[in-house]
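Undergrad: See data10.txt below, with compact mmCIF, C-alpha atoms.
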```txt
# COMPACT_ATOMS: atom_id res chain seq x y z
CA MET A 22 -9.80 84.01 55.82
CA PRO A 23 -8.29 81.69 53.26
CA SER A 24 -4.76 82.44 52.18
CA LYS A 25 -3.52 82.91 48.67
CA TYR A 26 -2.00 79.40 48.77
CA ASP A 27 -5.30 77.65 49.38
CA THR A 28 -6.29 75.41 46.41
CA ASN A 29 -10.00 75.82 47.11
CA PRO A 30 -10.58 79.32 48.43
CA LEU A 31 -14.36 79.19 47.94
CA ASP A 32 -15.03 76.23 50.30
CA SER A 33 -12.61 75.49 53.11
CA GLU A 34 -14.37 72.19 53.97
CA TYR A 35 -14.14 70.75 50.43
CA PRO A 36 -11.09 68.50 51.07
CA ASP A 37 -12.80 66.92 54.08
CA LYS A 38 -15.94 66.19 52.05
CA ILE A 39 -13.95 64.50 49.28
CA LYS A 40 -12.11 62.34 51.80
CA ALA A 41 -15.37 61.33 53.50
CA GLU A 42 -16.95 60.35 50.15
CA ALA A 43 -13.92 58.25 49.22
CA GLU A 44 -14.05 56.38 52.51
CA ALA A 45 -17.77 55.73 52.05
CA ARG A 46 -17.27 54.24 48.58
CA SER A 47 -14.42 51.98 49.70
CA ALA A 48 -16.31 50.59 52.69
CA THR A 49 -17.41 46.93 52.41
CA ALA A 50 -21.13 46.51 51.86
CA ILE A 51 -22.69 43.98 54.22
CA LEU A 52 -25.78 42.23 52.85
CA GLU A 53 -28.57 41.22 55.09
CA HIS A 54 -29.09 37.49 55.70
CA SER A 55 -32.21 36.30 53.88
CA GLY A 56 -32.53 33.10 55.86
CA SER A 57 -32.21 30.78 52.79
CA ASN A 58 -30.26 27.54 53.11
CA THR A 59 -27.62 26.28 50.71
CA GLN A 60 -29.17 24.13 47.97
CA HIS A 61 -27.65 20.66 47.55
CA PHE A 62 -27.95 18.93 44.17
CA PRO A 63 -28.70 15.17 44.00
CA PRO A 64 -25.73 12.95 43.12
CA THR A 65 -25.38 12.08 39.43
CA ALA A 66 -24.33 8.83 37.85
CA HIS A 67 -20.74 10.03 37.72
CA THR A 68 -20.56 11.09 41.36
CA ALA A 69 -22.80 8.47 42.91
CA PRO A 70 -20.92 6.09 45.20
CA THR A 71 -20.51 2.59 43.87
CA GLU A 72 -19.33 -0.67 45.28
CA GLU A 73 -17.64 -1.76 42.04
CA ARG A 74 -14.11 -2.95 42.62
CA THR A 75 -11.23 -0.86 41.34
CA ARG A 76 -10.07 -2.07 37.92
CA ARG A 77 -6.43 -3.01 37.67
CA PHE A 78 -4.85 -2.37 34.28
CA ASP A 79 -2.38 -4.84 32.87
CA GLN A 80 0.88 -3.81 31.21
CA ALA A 81 -0.65 -3.46 27.75
CA ASP A 82 -3.35 -1.07 29.06
CA GLN A 83 -0.76 0.94 30.95
CA LEU A 84 1.29 1.35 27.82
CA GLY A 85 -1.79 2.41 25.91
CA TYR A 86 -2.66 5.17 28.38
CA GLN A 87 0.87 6.30 29.06
CA SER A 88 1.74 9.68 27.62
CA PRO A 89 4.66 9.65 25.17
CA TYR A 90 5.72 13.05 26.51
CA SER A 91 6.29 11.92 30.12
CA GLY A 92 9.94 11.23 29.41
CA GLN A 93 9.52 7.58 30.40
CA TYR A 94 7.74 6.20 27.36
CA ILE A 95 8.07 2.43 27.10
CA PRO A 96 7.26 0.96 23.67
CA GLY A 97 4.98 -2.01 23.38
CA PRO A 98 6.17 -5.54 22.75
CA TYR A 99 7.95 -5.80 19.39
CA THR A 100 6.78 -8.46 17.01
CA PRO A 101 9.29 -9.09 14.24
CA GLY A 102 7.81 -9.23 10.76
CA GLY A 103 8.73 -11.44 7.90
CA PHE A 104 11.59 -10.51 5.65
CA VAL A 105 11.98 -11.32 2.00
CA PRO A 106 15.16 -13.33 1.55
CA LEU A 107 17.73 -11.47 -0.50
CA TYR A 108 19.04 -14.68 -2.05
CA GLN A 109 16.82 -16.65 -4.36
CA PRO A 110 17.94 -19.92 -5.95
CA ILE A 111 18.73 -19.61 -9.64
CA ASP A 112 16.80 -22.79 -10.45
CA ARG A 113 13.49 -21.51 -9.08
CA LYS A 114 10.52 -21.65 -11.41
CA VAL A 115 9.79 -18.44 -13.31
CA GLU A 116 6.21 -17.22 -13.11
CA LYS A 117 4.00 -17.90 -16.17
CA ILE A 118 6.82 -19.90 -17.84
CA GLY A 119 7.43 -22.87 -15.57
CA LEU A 120 11.15 -23.12 -16.37
CA GLY A 121 14.06 -22.52 -14.04
CA GLU A 122 15.31 -18.97 -13.80
CA ASN A 123 18.83 -19.96 -14.88
CA ILE A 124 17.44 -21.50 -18.08
CA VAL A 125 15.22 -18.51 -18.88
CA THR A 126 18.08 -16.03 -18.38
CA ALA A 127 20.48 -18.07 -20.56
CA ILE A 128 18.18 -18.74 -23.54
CA PRO A 129 18.28 -15.15 -24.95
CA TYR A 130 22.08 -15.38 -25.42
CA ILE A 131 22.00 -18.52 -27.58
CA PRO A 132 23.52 -17.58 -30.99
CA TRP A 133 22.24 -18.24 -34.56
CA PHE A 134 19.00 -16.22 -34.12
CA ILE A 135 17.65 -18.73 -31.59
CA GLY A 136 18.28 -16.32 -28.72
CA LEU A 137 16.82 -13.39 -30.69
CA VAL A 138 13.46 -15.10 -31.23
CA ALA A 139 13.41 -16.55 -27.71
CA GLY A 140 14.21 -13.17 -26.14
CA ILE A 141 11.37 -11.43 -27.99
CA LEU A 142 8.90 -14.13 -26.96
CA LEU A 143 10.05 -13.94 -23.33
CA LEU A 144 9.50 -10.18 -23.25
CA PHE A 145 5.89 -10.77 -24.31
CA PHE A 146 5.32 -13.68 -21.92
CA LEU A 147 7.23 -12.67 -18.78
CA PRO A 148 5.31 -10.55 -16.24
CA GLN A 149 6.72 -7.29 -14.96
CA SER A 150 7.50 -8.90 -11.60
CA GLU A 151 10.21 -11.06 -13.20
CA THR A 152 12.68 -8.18 -13.47
CA LYS A 153 15.82 -10.30 -13.73
CA ALA A 154 14.50 -12.58 -16.46
CA ARG A 155 13.09 -9.64 -18.43
CA PHE A 156 16.40 -7.79 -18.20
CA HIS A 157 18.33 -10.72 -19.69
CA ALA A 158 15.69 -11.20 -22.37
CA ALA A 159 15.94 -7.54 -23.38
CA GLN A 160 19.74 -7.55 -23.24
CA GLY A 161 19.92 -10.73 -25.33
CA VAL A 162 17.65 -9.20 -27.98
CA ALA A 163 19.72 -5.99 -27.99
CA ALA A 164 22.94 -8.01 -28.37
CA HIS A 165 21.55 -9.96 -31.32
CA LEU A 166 20.32 -6.77 -33.00
CA GLY A 167 23.73 -5.14 -32.55
CA ILE A 168 25.48 -8.18 -34.02
CA LEU A 169 23.01 -8.24 -36.92
CA VAL A 170 23.62 -4.56 -37.76
CA ILE A 171 27.40 -4.89 -37.68
CA SER A 172 27.33 -8.15 -39.66
CA THR A 173 25.08 -6.60 -42.32
CA PHE A 174 27.38 -3.59 -42.62
CA LEU A 175 30.46 -5.81 -43.02
CA SER A 176 28.65 -7.96 -45.59
CA VAL A 177 27.87 -4.92 -47.73
CA ILE A 178 31.49 -3.78 -47.61
CA GLY A 179 32.65 -7.37 -48.19
CA ASN A 180 31.06 -7.33 -51.64
CA VAL A 181 33.56 -4.65 -52.57
CA THR A 182 36.74 -5.78 -50.83
CA GLY A 183 37.90 -9.20 -49.72
CA VAL A 184 39.33 -7.78 -46.51
CA ALA A 185 35.87 -6.83 -45.25
CA ARG A 186 34.63 -10.31 -46.10
CA ALA A 187 37.34 -11.88 -43.93
CA GLY A 188 36.62 -9.35 -41.18
CA ASN A 189 32.95 -10.28 -41.25
CA LEU A 190 33.82 -13.95 -40.83
CA ALA A 191 36.10 -13.17 -37.87
CA PHE A 192 33.41 -11.00 -36.33
CA GLN A 193 30.80 -13.77 -36.66
CA VAL A 194 33.07 -16.24 -34.89
CA ALA A 195 33.89 -13.79 -32.09
CA ALA A 196 30.23 -12.85 -31.63
CA THR A 197 29.21 -16.51 -31.41
CA ILE A 198 31.83 -17.27 -28.78
CA THR A 199 30.86 -14.15 -26.79
CA LEU A 200 27.17 -15.10 -26.81
CA LEU A 201 28.00 -18.61 -25.61
CA VAL A 202 30.04 -17.15 -22.74
CA PHE A 203 27.15 -14.86 -21.82
CA ALA A 204 24.72 -17.79 -21.91
CA TRP A 205 27.00 -19.84 -19.65
CA LYS A 206 27.41 -16.99 -17.14
CA ALA A 207 23.65 -16.35 -17.03
CA TRP A 208 22.98 -20.06 -16.55
CA LYS A 209 25.41 -20.10 -13.59
CA GLY A 210 23.65 -17.08 -12.06
CA ARG A 211 26.55 -14.69 -12.62
CA PRO A 212 25.92 -11.06 -13.66
CA VAL A 213 25.99 -10.21 -17.36
CA HIS A 214 26.08 -6.54 -18.29
CA ILE A 215 26.82 -5.26 -21.79
CA ALA A 216 27.42 -1.52 -21.39
CA PRO A 217 27.43 -0.45 -25.09
CA ILE A 218 23.84 -1.67 -25.57
CA GLU A 219 22.50 -0.58 -22.19
CA GLY A 220 20.26 2.11 -23.69
CA LEU A 221 18.70 -0.29 -26.19
CA THR A 222 18.23 -2.89 -23.45
CA ASN A 223 16.32 -0.47 -21.24
CA TRP A 224 14.22 0.71 -24.16
CA LEU A 225 13.20 -2.83 -25.12
CA GLU A 226 12.38 -3.75 -21.55
CA GLU A 227 10.17 -0.69 -21.10
CA LYS A 228 8.42 -0.70 -24.47
CA ILE A 229 7.60 -4.41 -24.79
CA HIS A 230 4.90 -5.23 -22.25
CA PRO A 231 3.56 -8.70 -21.46
CA LYS A 232 0.36 -8.99 -23.49
CA VAL A 233 0.02 -12.65 -24.35
CA ILE A 234 -0.27 -14.02 -20.81
CA GLN A 235 -1.50 -11.86 -17.94
```
If you convert what's in this file into structure tokens, what do you get?

TA:
Amino acid sequence: MPSKYDTNPLDSEYPDKIKAEAEARSATAILEHSGSNTQHFPPTAHTAPTEERTRRFDQADQLGYQSPYSGQYIPGPYTPGGFVPLYQPIDRKVEKIGLGENIVTAIPYIPWFIGLVAGILLLFFLPQSETKARFHAAQGVAAHLGILVISTFLSVIGNVTGVARAGNLAFQVAATITLLVFAWKAWKGRPVHIAPIEGLTNWLEEKIHPKVIQ
């Protein structure tokens, strides 16, 4: 008689049946041999044996196939390129003009309105690639315009007082000497920078584009 502690009081053989079913399910199924042989596929073009000799790669090919992440990457042969020389002679011929660069940069500083007219013409003739020559042309024009404005102002005041008339004469002499010094420095290839008219110089250089000769 089953006791009160039996988990399955209705069927005392139930645990043995469950165990037998579990062992039957876990048993390895053995299939019957059908008598068929293993099928062998014919060799393809990639697997077919060949008598071609093994190719030996040269150093360039090895570098081309070498992975850059192997930790032993070796760069290919370095071929140095051409460099633009930083120094250019001041007497070189300016493009579209045919004159030496030292002459073209000095002409805009010539006093007595000669530099003013020459600087304006150079801004129309010089291409954008001639940055140095165009800068001096624009700065020479700006210098002449500044001198013209100050001289006109002193002339108007000079009609009223004699002191302003004498001041205008002194200013004209000083401006002429200064322009000659600038022209000499530009002709020698030395830097010429007039800070008070820098804004006007940049404006002239940007607004006046070469239109006569392209």

Undergrad: For each of A:Glu226, A:Tyr35, A:Gln193, A:Ile198, take the minimum atom-to-atom distance to Glu151 (chain A), counting all atoms listed in the file, then give the residue where this is smallest.

TA: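 Ranked by minimum distance to Glu151 (chain A), first place goes to A:Glu226.
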
Undergrad: Select, counting only C-alpha atoms, all protein, DNA and RNA residues no farther than 10 Å from (16.6, -21.1, -18.6) in file coordinates, and express the selection as an mmCIF file with C-alpha atoms, in the coordinates of the input.

TA:
```
data_model
loop_
_atom_site.group_PDB
_atom_site.id
_atom_site.type_symbol
_atom_site.label_atom_id
_atom_site.label_comp_id
_atom_site.auth_asym_id
_atom_site.auth_seq_id
_atom_site.Cartn_x
_atom_site.Cartn_y
_atom_site.Cartn_z
ATOM 1 C CA ILE A 111 18.730 -19.610 -9.640
ATOM 2 C CA ASP A 112 16.800 -22.790 -10.450
ATOM 3 C CA LYS A 114 10.520 -21.650 -11.410
ATOM 4 C CA VAL A 115 9.790 -18.440 -13.310
ATOM 5 C CA ILE A 118 6.820 -19.900 -17.840
ATOM 6 C CA GLY A 119 7.430 -22.870 -15.570
ATOM 7 C CA LEU A 120 11.150 -23.120 -16.370
ATOM 8 C CA GLY A 121 14.060 -22.520 -14.040
ATOM 9 C CA GLU A 122 15.310 -18.970 -13.800
ATOM 10 C CA ASN A 123 18.830 -19.960 -14.880
ATOM 11 C CA ILE A 124 17.440 -21.500 -18.080
ATOM 12 C CA VAL A 125 15.220 -18.510 -18.880
ATOM 13 C CA THR A 126 18.080 -16.030 -18.380
ATOM 14 C CA ALA A 127 20.480 -18.070 -20.560
ATOM 15 C CA ILE A 128 18.180 -18.740 -23.540
ATOM 16 C CA PRO A 129 18.280 -15.150 -24.950
ATOM 17 C CA ALA A 154 14.500 -12.580 -16.460
ATOM 18 C CA ALA A 204 24.720 -17.790 -21.910
ATOM 19 C CA ALA A 207 23.650 -16.350 -17.030
ATOM 20 C CA TRP A 208 22.980 -20.060 -16.550
#
```

Undergrad: Write out as a list in words which residues come within 9 Å of Ala139 (chain A) when counting all atoms listed in the file, dropping same-chain ones fewer than 4 positions away.

TA: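 Everything that qualifies: Ile128, Pro129, Ile131, Phe134, Ile135, Leu143, Leu144, Ala158 and Val162 of chain A.
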
Undergrad: Hey, can you check how far CA of Asn189 (chain A) sits from CA of Trp133 (chain A)?

TA: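 Separation of CA of Asn189 (chain A) and CA of Trp133 (chain A): 14.9 Å.
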
Undergrad: Could you state the separation of CA of Glu227 (chain A) and CA of Trp205 (chain A) in Å, given to one decimal place?

TA: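 Those two atoms sit 25.5 Å apart.
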
Undergrad: Interatomic distance between CA of Gly167 (chain A) and CA of Val202 (chain A)?

TA: 16.7 Å

Undergrad: Padding 6 Å on every side, please: axis-aligned box over the listed atoms of region 120-134 of chain A, centre and edge lengths to one decimal in Å, as AutoDock Vina command-line options.

TA:
```
--center_x 17.3 --center_y -19.1 --center_z -24.2 --size_x 24.4 --size_y 20.0 --size_z 32.8
```

Undergrad: Val194 (chain A): which residues within 12 Å, counting all atoms listed in the file, same-chain residues fewer than 6 positions away excluded, as an MDAnalysis selection string?

TA: chainID A and resid 132:133 168 172 187:188 200:201
